[in-house]
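S.K.: So I've got this file, start_6.txt, and it contains compact mmCIF, C-alpha atoms:
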```txt
# COMPACT_ATOMS: atom_id res chain seq x y z
CA MET A 233 114.62 -9.14 -2.30
CA SER A 234 117.59 -10.83 -0.63
CA PHE A 235 119.55 -7.54 -0.65
CA MET A 236 116.65 -5.67 0.95
CA ILE A 237 116.22 -8.26 3.72
CA GLU A 238 119.95 -8.39 4.42
CA HIS A 239 120.02 -4.63 4.94
CA LEU A 240 116.94 -4.29 7.13
CA SER A 241 117.76 -2.04 10.06
CA VAL A 242 117.64 -3.60 13.53
CA SER A 243 114.80 -1.30 14.54
CA ALA A 244 112.73 -2.31 11.49
CA LEU A 245 113.34 -5.99 12.20
CA ILE A 246 112.35 -5.58 15.86
CA THR A 247 109.17 -3.83 14.73
CA ILE A 248 108.35 -6.75 12.44
CA VAL A 249 109.02 -9.26 15.24
CA VAL A 250 106.76 -7.35 17.65
CA LEU A 251 103.96 -7.15 15.07
CA VAL A 252 104.17 -10.86 14.28
CA ALA A 253 104.22 -11.61 18.02
CA LEU A 254 101.01 -9.63 18.42
CA VAL A 255 99.47 -11.58 15.53
CA PHE A 256 100.39 -14.74 17.44
CA GLU A 257 98.75 -13.32 20.58
CA PHE A 258 95.62 -12.47 18.62
CA ILE A 259 95.45 -16.01 17.24
CA ASN A 260 96.10 -17.32 20.75
CA GLY A 261 93.03 -15.37 21.86
CA PHE A 262 90.63 -17.10 19.49
CA HIS A 263 92.49 -20.43 19.53
CA ASP A 264 92.88 -21.03 23.27
CA THR A 265 90.30 -18.81 24.94
CA ALA A 266 87.54 -20.84 23.31
CA ASN A 267 88.48 -23.56 25.78
CA ALA A 268 87.87 -21.27 28.73
CA ILE A 269 84.31 -20.41 27.75
CA ALA A 270 83.26 -23.53 25.83
CA THR A 271 81.59 -25.25 28.77
CA SER A 272 79.64 -22.10 29.72
CA VAL A 273 78.24 -21.80 26.21
CA TYR A 274 77.57 -25.53 25.85
CA THR A 275 75.61 -25.74 29.13
CA ARG A 276 73.78 -22.50 28.19
CA ALA A 277 74.90 -20.76 31.35
CA LEU A 278 75.95 -17.89 29.06
CA THR A 279 75.16 -16.94 25.51
CA ALA A 280 78.13 -17.04 23.17
CA GLY A 281 78.25 -13.24 22.93
CA LYS A 282 78.22 -12.69 26.69
CA ALA A 283 80.75 -15.48 27.26
CA ILE A 284 83.15 -13.93 24.74
CA LEU A 285 82.83 -10.46 26.30
CA LEU A 286 83.39 -11.89 29.78
CA ALA A 287 86.40 -13.90 28.63
CA ALA A 288 87.92 -10.95 26.78
CA GLY A 289 87.65 -8.68 29.81
CA MET A 290 88.99 -11.23 32.30
CA ASN A 291 91.80 -12.23 29.92
CA PHE A 292 92.87 -8.60 29.77
CA LEU A 293 92.92 -8.26 33.57
CA GLY A 294 94.69 -11.58 34.08
CA ALA A 295 97.40 -10.67 31.59
CA LEU A 296 98.34 -7.59 33.63
CA VAL A 297 98.70 -9.36 36.98
CA SER A 298 101.84 -11.50 36.82
CA THR A 299 105.08 -11.88 34.85
CA ASN A 300 106.38 -15.18 36.30
CA VAL A 301 105.66 -17.13 33.12
CA ALA A 302 107.04 -14.34 30.91
CA SER A 303 110.32 -14.50 32.86
CA THR A 304 110.57 -18.23 32.14
CA ILE A 305 110.19 -17.62 28.40
CA THR A 306 112.66 -14.71 28.41
CA HIS A 307 115.40 -16.14 30.61
CA GLY A 308 114.66 -19.78 31.45
CA LEU A 309 114.67 -21.73 28.17
CA VAL A 310 117.41 -20.34 25.92
CA GLY A 311 120.94 -19.69 27.15
CA VAL A 312 122.33 -17.84 24.14
CA GLU A 313 121.67 -14.50 22.51
CA LEU A 314 119.36 -14.91 19.53
CA ALA A 315 119.20 -12.79 16.40
CA GLU A 316 115.89 -11.02 15.81
CA TRP A 317 115.13 -13.12 12.75
CA VAL A 318 115.41 -16.31 14.85
CA ILE A 319 112.63 -15.02 17.10
CA LEU A 320 110.65 -14.18 13.96
CA ALA A 321 111.13 -17.78 12.75
CA THR A 322 109.95 -19.03 16.16
CA LEU A 323 106.73 -17.06 15.90
CA ILE A 324 106.02 -18.13 12.32
CA GLY A 325 106.47 -21.81 13.20
CA ALA A 326 104.07 -21.51 16.14
CA ILE A 327 101.49 -19.59 14.09
CA ILE A 328 101.50 -22.27 11.38
CA TRP A 329 100.76 -24.99 13.94
CA ASN A 330 98.06 -22.92 15.67
CA LEU A 331 96.23 -22.29 12.42
CA LEU A 332 96.48 -25.94 11.36
CA THR A 333 95.06 -27.25 14.63
CA TRP A 334 92.41 -24.52 14.74
CA TRP A 335 91.30 -25.50 11.25
CA ARG A 336 91.05 -29.15 12.34
CA GLY A 337 89.19 -28.16 15.52
CA LEU A 338 91.86 -29.74 17.76
CA PRO A 339 92.46 -28.02 21.10
CA SER A 340 96.26 -28.09 20.95
CA SER A 341 98.54 -25.84 23.00
CA SER A 342 99.65 -22.42 21.77
CA SER A 343 102.11 -22.40 24.67
CA HIS A 344 103.85 -25.59 23.65
CA ALA A 345 103.72 -24.58 20.00
CA LEU A 346 105.68 -21.44 20.85
CA ILE A 347 108.13 -23.24 23.14
CA GLY A 348 108.71 -26.10 20.69
CA SER A 349 109.28 -23.65 17.86
CA LEU A 350 111.71 -21.61 20.01
CA VAL A 351 113.72 -24.75 20.85
CA GLY A 352 113.87 -25.89 17.22
CA ALA A 353 114.85 -22.46 15.92
CA THR A 354 117.57 -22.11 18.57
CA ILE A 355 119.08 -25.51 17.72
CA VAL A 356 119.18 -24.72 13.99
CA TYR A 357 120.53 -21.19 14.60
CA LYS A 358 123.41 -22.41 16.76
CA MET A 359 123.79 -25.72 14.87
CA SER A 360 124.08 -27.23 18.33
CA PHE A 361 121.93 -28.48 21.21
CA GLU A 362 123.89 -26.38 23.69
CA GLY A 363 121.87 -23.19 23.20
CA VAL A 364 118.81 -24.66 24.93
CA ILE A 365 118.62 -24.70 28.74
CA TRP A 366 117.49 -28.33 28.96
CA SER A 367 117.08 -28.29 32.74
CA GLY A 368 114.72 -25.30 32.43
CA LEU A 369 112.81 -27.03 29.62
CA LEU A 370 112.44 -30.16 31.76
CA GLU A 371 111.45 -28.41 34.99
CA LYS A 372 109.27 -25.62 33.59
CA VAL A 373 107.75 -27.27 30.50
CA ILE A 374 108.02 -31.07 30.29
CA ILE A 375 107.17 -31.92 33.92
CA PRO A 376 104.21 -29.47 34.02
CA LEU A 377 103.16 -30.80 30.58
CA ILE A 378 102.71 -34.22 32.21
CA THR A 379 101.47 -33.23 35.67
CA SER A 380 99.04 -30.38 34.91
CA PRO A 381 96.55 -32.44 32.85
CA PHE A 382 96.54 -35.12 35.55
CA LEU A 383 95.90 -32.46 38.17
CA GLY A 384 93.09 -31.02 36.04
CA PHE A 385 91.54 -34.47 35.62
CA PHE A 386 91.64 -35.45 39.29
CA VAL A 387 90.60 -32.05 40.66
CA GLY A 388 87.69 -31.95 38.18
CA PHE A 389 86.75 -35.52 39.20
CA ALA A 390 86.91 -34.64 42.92
CA ILE A 391 84.84 -31.45 42.62
CA MET A 392 82.19 -33.26 40.57
CA ARG A 393 81.95 -36.11 43.09
CA LEU A 394 81.60 -33.54 45.88
CA ILE A 395 78.78 -31.82 43.99
CA PHE A 396 77.04 -35.20 43.56
CA ARG A 397 77.20 -35.75 47.32
CA ILE A 398 75.98 -32.27 48.27
CA CYS A 399 73.17 -32.17 45.71
CA ALA A 400 72.08 -35.82 45.86
CA ARG A 401 68.65 -35.01 47.34
CA GLN A 402 68.01 -31.80 45.43
CA ALA A 403 65.73 -31.46 42.43
CA PRO A 404 67.75 -31.53 39.16
CA GLY A 405 66.05 -28.38 37.87
CA ARG A 406 66.99 -26.42 40.96
CA VAL A 407 70.57 -27.72 40.90
CA ASN A 408 71.00 -26.72 37.27
CA GLY A 409 69.56 -23.28 37.98
CA VAL A 410 71.99 -22.63 40.83
CA PHE A 411 75.02 -23.86 38.94
CA SER A 412 74.08 -21.89 35.82
CA LYS A 413 74.66 -18.77 37.91
CA LEU A 414 77.78 -20.15 39.60
CA GLN A 415 79.18 -21.06 36.20
CA ILE A 416 79.34 -17.38 35.30
CA VAL A 417 81.77 -16.97 38.21
CA SER A 418 83.80 -20.04 37.23
CA ALA A 419 83.96 -18.84 33.61
CA ALA A 420 85.34 -15.51 34.82
CA LEU A 421 87.92 -17.30 37.00
CA VAL A 422 89.18 -19.60 34.26
CA SER A 423 89.36 -16.70 31.77
CA PHE A 424 91.34 -14.66 34.30
CA SER A 425 93.73 -17.56 34.93
CA HIS A 426 94.09 -18.05 31.17
CA GLY A 427 95.29 -14.45 30.92
CA THR A 428 97.80 -14.87 33.76
CA ASN A 429 99.43 -17.81 31.96
CA ASP A 430 98.85 -17.70 28.21
CA ALA A 431 99.31 -13.99 27.56
CA GLN A 432 102.65 -14.18 29.37
CA LYS A 433 104.33 -16.25 26.64
CA THR A 434 104.07 -13.52 24.02
CA MET A 435 105.15 -10.93 26.57
CA GLY A 436 108.24 -13.04 27.16
CA ILE A 437 108.98 -13.39 23.44
CA ILE A 438 108.65 -9.64 22.82
CA THR A 439 110.86 -8.89 25.82
CA LEU A 440 113.40 -11.40 24.48
CA ALA A 441 113.36 -9.59 21.12
CA LEU A 442 113.88 -6.22 22.81
CA ILE A 443 116.81 -7.61 24.82
CA SER A 444 118.33 -9.19 21.69
CA GLY A 445 118.06 -5.82 19.94
CA ASN A 446 119.81 -4.09 22.87
CA ILE A 447 116.75 -1.97 23.53
CA LEU A 448 116.42 -3.45 27.02
CA PRO A 449 119.17 -4.66 29.39
CA GLY A 450 119.68 -8.43 29.66
CA ASP A 451 118.04 -8.76 33.08
CA SER A 452 115.04 -6.61 32.19
CA GLY A 453 111.49 -7.46 33.14
CA VAL A 454 108.42 -7.03 30.96
CA PRO A 455 107.73 -3.34 30.14
CA LEU A 456 104.26 -2.04 30.99
CA TRP A 457 103.46 -1.20 27.37
CA VAL A 458 104.19 -4.80 26.35
CA LYS A 459 101.78 -6.08 29.02
CA ILE A 460 99.01 -3.74 27.87
CA VAL A 461 99.43 -4.40 24.14
CA CYS A 462 99.60 -8.20 24.59
CA ALA A 463 96.56 -8.18 26.89
CA ALA A 464 94.63 -6.08 24.38
CA CYS A 465 95.53 -8.37 21.45
CA MET A 466 94.49 -11.48 23.35
CA ALA A 467 91.21 -9.82 24.32
CA ALA A 468 90.63 -8.82 20.69
CA GLY A 469 91.30 -12.38 19.53
CA THR A 470 88.92 -13.68 22.17
CA SER A 471 86.20 -11.40 20.85
CA ILE A 472 86.44 -13.15 17.47
CA GLY A 473 85.76 -16.49 19.10
CA GLY A 474 87.02 -19.99 18.36
CA TRP A 475 83.90 -21.87 17.42
CA ARG A 476 85.62 -24.96 15.99
CA ILE A 477 87.56 -25.70 19.16
CA MET A 478 84.70 -24.59 21.40
CA LYS A 479 82.54 -27.31 19.90
CA THR A 480 85.15 -29.98 20.63
CA VAL A 481 85.75 -28.98 24.25
CA GLY A 482 82.17 -28.04 25.09
CA GLY A 483 80.48 -31.18 23.87
CA GLY A 484 82.90 -33.32 21.91
CA VAL A 485 84.51 -34.98 24.95
CA THR A 486 81.49 -35.53 27.22
CA LYS A 487 77.97 -34.22 27.72
CA LEU A 488 77.95 -31.44 30.31
CA GLN A 489 75.29 -29.92 32.54
CA PRO A 490 75.84 -26.68 34.52
CA PRO A 491 77.21 -28.50 37.62
CA GLY A 492 79.75 -30.27 35.42
CA GLY A 493 80.68 -27.07 33.63
CA PHE A 494 81.22 -25.35 36.98
CA ALA A 495 83.35 -28.24 38.27
CA ALA A 496 85.54 -28.33 35.14
CA GLN A 497 86.10 -24.58 35.02
CA THR A 498 86.81 -24.28 38.76
CA ALA A 499 89.29 -27.17 38.64
CA ALA A 500 91.04 -25.71 35.58
CA ALA A 501 91.26 -22.21 37.09
CA GLY A 502 92.84 -23.56 40.28
CA VAL A 503 95.47 -25.63 38.46
CA ILE A 504 96.34 -22.86 36.00
CA GLU A 505 96.79 -20.30 38.79
CA LEU A 506 99.05 -22.71 40.69
CA MET A 507 101.24 -23.25 37.63
CA SER A 508 101.34 -19.51 36.86
CA PHE A 509 102.56 -18.88 40.41
CA LEU A 510 105.35 -21.42 39.82
CA GLY A 511 106.27 -19.72 36.52
CA ALA A 512 105.39 -22.79 34.45
CA PRO A 513 104.15 -21.97 30.91
CA ILE A 514 101.60 -24.77 30.81
CA SER A 515 98.91 -25.47 28.29
CA THR A 516 95.62 -24.06 29.53
CA THR A 517 94.06 -26.13 26.76
CA HIS A 518 95.38 -29.35 28.27
CA VAL A 519 94.19 -28.46 31.76
CA ILE A 520 90.68 -27.39 30.75
CA THR A 521 90.16 -30.40 28.49
CA SER A 522 91.46 -32.88 31.08
CA ALA A 523 89.23 -31.27 33.73
CA VAL A 524 86.24 -31.88 31.44
CA MET A 525 87.34 -35.52 31.11
CA GLY A 526 87.58 -35.78 34.91
CA VAL A 527 84.07 -34.39 35.33
CA GLY A 528 82.71 -36.85 32.77
CA SER A 529 84.49 -39.75 34.48
CA ALA A 530 82.93 -38.78 37.83
CA LYS A 531 79.56 -39.76 36.36
CA ARG A 532 80.80 -42.93 34.70
CA LEU A 533 83.80 -43.77 32.55
CA SER A 534 81.61 -44.56 29.55
CA SER A 535 80.28 -40.99 29.48
CA VAL A 536 83.63 -39.77 28.15
CA ARG A 537 84.17 -40.11 24.40
CA TRP A 538 87.58 -41.71 24.70
CA GLY A 539 88.05 -41.78 20.92
CA LYS A 540 87.88 -37.99 20.78
CA ALA A 541 89.99 -37.80 23.93
CA LYS A 542 92.63 -39.94 22.20
CA ASP A 543 92.79 -37.46 19.28
CA ILE A 544 93.25 -34.59 21.73
CA VAL A 545 95.97 -36.37 23.71
CA THR A 546 97.78 -37.19 20.45
CA ALA A 547 97.79 -33.48 19.58
CA TRP A 548 99.21 -32.74 23.04
CA ILE A 549 102.07 -35.22 22.60
CA VAL A 550 103.11 -34.20 19.10
CA THR A 551 102.88 -30.40 19.49
CA ILE A 552 106.35 -29.73 20.93
CA PRO A 553 108.35 -32.02 18.59
CA VAL A 554 106.38 -31.02 15.48
CA CYS A 555 106.72 -27.32 16.31
CA ALA A 556 110.43 -27.81 17.00
CA VAL A 557 110.72 -29.05 13.42
CA LEU A 558 108.57 -26.18 12.11
CA GLY A 559 110.63 -23.63 14.05
CA GLY A 560 113.86 -25.20 12.79
CA VAL A 561 112.68 -25.20 9.16
CA CYS A 562 111.49 -21.58 9.41
CA CYS A 563 114.82 -20.61 10.97
CA PHE A 564 116.75 -22.33 8.17
CA LEU A 565 114.66 -20.71 5.42
CA ILE A 566 114.65 -17.20 6.89
CA GLY A 567 118.34 -17.51 7.77
CA ARG A 568 119.20 -17.88 4.09
CA PHE A 569 118.31 -14.17 3.66
CA PHE A 570 120.50 -12.92 6.52
```
Here is a file; write its structure as structure tokens.

M.R.:
Amino acid sequence: MSFMIEHLSVSALITIVVLVALVFEFINGFHDTANAIATSVYTRALTAGKAILLAAGMNFLGALVSTNVASTITHGLVGVELAEWVILATLIGAIIWNLLTWWRGLPSSSSHALIGSLVGATIVYKMSFEGVIWSGLLEKVIIPLITSPFLGFFVGFAIMRLIFRICARQAPGRVNGVFSKLQIVSAALVSFSHGTNDAQKTMGIITLALISGNILPGDSGVPLWVKIVCAACMAAGTSIGGWRIMKTVGGGVTKLQPPGGFAAQTAAAGVIELMSFLGAPISTTHVITSAVMGVGSAKRLSSVRWGKAKDIVTAWIVTIPVCAVLGGVCCFLIGRFF
């Protein structure tokens, strides 16, 4: 077994890395996209089937639009050339965390799982902290990690308060009817924005693998075929659905009506698009969940289940360090065969 692995051709190893990356993208589809459509399903603005089809289609389109985030993953976090098997270890570490949190129904971040695993694998591979571009990690990951949920919370809070003011004298039944239709639009927007940010990470990882294998030049952008395949895998994963996480986001944090669902999704879409423009690989999970918290707080603070919120925030905080350990361990174990 060891002999066979040691003598794997570079092309075969790249193929394995690309396939595992696409598995990660598929898991990302059913792990994270549930957050984008959870509020629409919970408020009954859309049936689960229609919400999943809408999200899959908009994820596909969003994934083809921009490569800013992919460039950050490819060139902005690691300053050394990595062997293909290190990238494989990165993906395995992130997949393990995604499956664990999916099983527990915790809306953790696939983005930060991948980034944490990449950092841990790079440190173990080089046996040094110098391979990581710490300034890039701080500016593109850590600062957005802190600021984007706050933005989601306050924008969601502000939109919900505005809706309260505008609709104060309207009949509740009529308000819910109008926002049930508007929520279809907001669900499409947040699914599109999810594609522009989340699908980019796997595109970046695959491009990094192709550069490491000397298939692409070092300053190469994301090839069109990589965009299409990653978008298709995320859409396929979305079609499977993430019912465990959907339940947590849709109703586990606060009770939502169609106006609240619209406010949360619109706030999340705006923040995610802003961060995608800046090339920041943020957690769409964090933004959507914090926007839901902001909407709940606009009614009254007691309407938010802060115990559940605490569990979610804990998952946010531990994802990067835990995945750095997972990525490092996977790198150490796989490295023993090379």

S.K.: Tell me, as a list of chain:residue names, which residues lie within 7 Å of Met392 (chain A), counting all atoms listed in the file; anything in the same chain fewer than 3 positions away does not count.

M.R.: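 Once the nearby chain positions are removed, what remains is A:Gly388, A:Phe389, A:Ile395, A:Phe396, A:Gly492, A:Ala495, A:Val527, A:Ala530.
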
S.K.: Would you please work out which residue, of A:Ala496, A:Val255, A:Leu448, A:Val373, is nearest to Ala390 (chain A) when using only C-alpha atoms?

M.R.: A:Ala496

S.K.: Between CA of Leu414 (chain A) and CA of Ala280 (chain A), what is the spacing in Å?

M.R.: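 These atoms are spaced 16.7 Å apart.
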
S.K.: Rank A:Asn429, A:Ser529, A:Ser515, A:Ser418 by their smallest atom-to-atom distance to Ile375 (chain A), using all atoms listed in the file, and report the top residue only.

M.R.: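 Among A:Asn429, A:Ser529, A:Ser515, A:Ser418, it is A:Ser515 that comes nearest to Ile375 (chain A).
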
S.K.: Name all residues at most 8 Å from region 355-359 of chain A (count all atoms listed in the file; drop same-chain ones fewer than 5 positions away) and give them as a list in words.

M.R.: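 Counting only the stated atoms, we get Val318, Val364, Gly560, Cys563 and Phe564 of chain A.
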
S.K.: Suppose we keep C-alpha atoms; can you now write the selection as a CSV table (one decimal), in the coordinates of the input?

M.R.:
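After the write, selection30.csv holds the following:
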```csv
chain,number,residue,atom,x,y,z
A,318,VAL,CA,115.4,-16.3,14.8
A,364,VAL,CA,118.8,-24.7,24.9
A,560,GLY,CA,113.9,-25.2,12.8
A,563,CYS,CA,114.8,-20.6,11.0
A,564,PHE,CA,116.8,-22.3,8.2
```

S.K.: At most 8 Å from (104.1, -23.4, 32.8), file frame, all atoms listed in the file: which residues, as number ranges by chain?

M.R.: A: 301, 372-373, 376-377, 429, 507-508, 510-515

S.K.: Under the rule that all atoms listed in the file are counted, which of A:Ser243, A:Thr322, A:Thr521, A:Asn446 is the nearest residue to Gly348 (chain A)?

M.R.: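 Nearest candidate to Gly348 (chain A) out of A:Ser243, A:Thr322, A:Thr521, A:Asn446: A:Thr322.
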
S.K.: Quick one: residues within 9 Å of Val503 (chain A), only C-alpha atoms, excluding same-chain residues fewer than 2 positions away - as an MDAnalysis selection string?

M.R.: chainID A and resid 380:381 383:384 387 425 498:501 505:508 519

S.K.: Please, what distance in Å, to one decimal, runs between CA of Ile438 (chain A) and CA of Leu286 (chain A)?

M.R.: 26.3 Å

S.K.: Using all atoms listed in the file, which of A:Trp366, A:Phe494, A:Phe385, A:Phe256 sits nearest Val273 (chain A)?

M.R.: A:Phe494

S.K.: Take every atom of region 282-300 of chain A listed in the file, pad by 6 Å on each side, and give me the axis-aligned box centre and edge lengths in Å, one decimal, as AutoDock Vina command-line options.

M.R.:
```
--center_x 92.3 --center_y -11.5 --center_z 30.9 --size_x 40.2 --size_y 19.9 --size_z 24.2
```

S.K.: Please list as a ChimeraX atom specification every residue within 12 Å of Gly493 (chain A), counting all atoms listed in the file and excluding residues in the same chain fewer than 3 positions away.

M.R.: /A:267-278,388-389,391-392,395,408,411-419,422,481-483,486-490,496-500,520-521,523-528

S.K.: May I ask for the distance between CA of Cys462 (chain A) and CA of Val249 (chain A), given in Å to one decimal place?

M.R.: 13.3 Å

S.K.: Find the residues around His344 (chain A) up to 12 Å (all atoms listed in the file counted), leave out those fewer than 2 positions away in its own chain, and share them as a PyMOL selection string.

M.R.: chain A and resi 260+264+305+322-323+325-327+329-330+339-342+346-352+369+372-374+376-377+430+433+512-518+547-556+559

S.K.: Find the residue from A:Leu309, A:Ile443, A:Val557, A:Met466 that sits nearest to Ser423 (chain A); use only C-alpha atoms when measuring.

M.R.: A:Met466
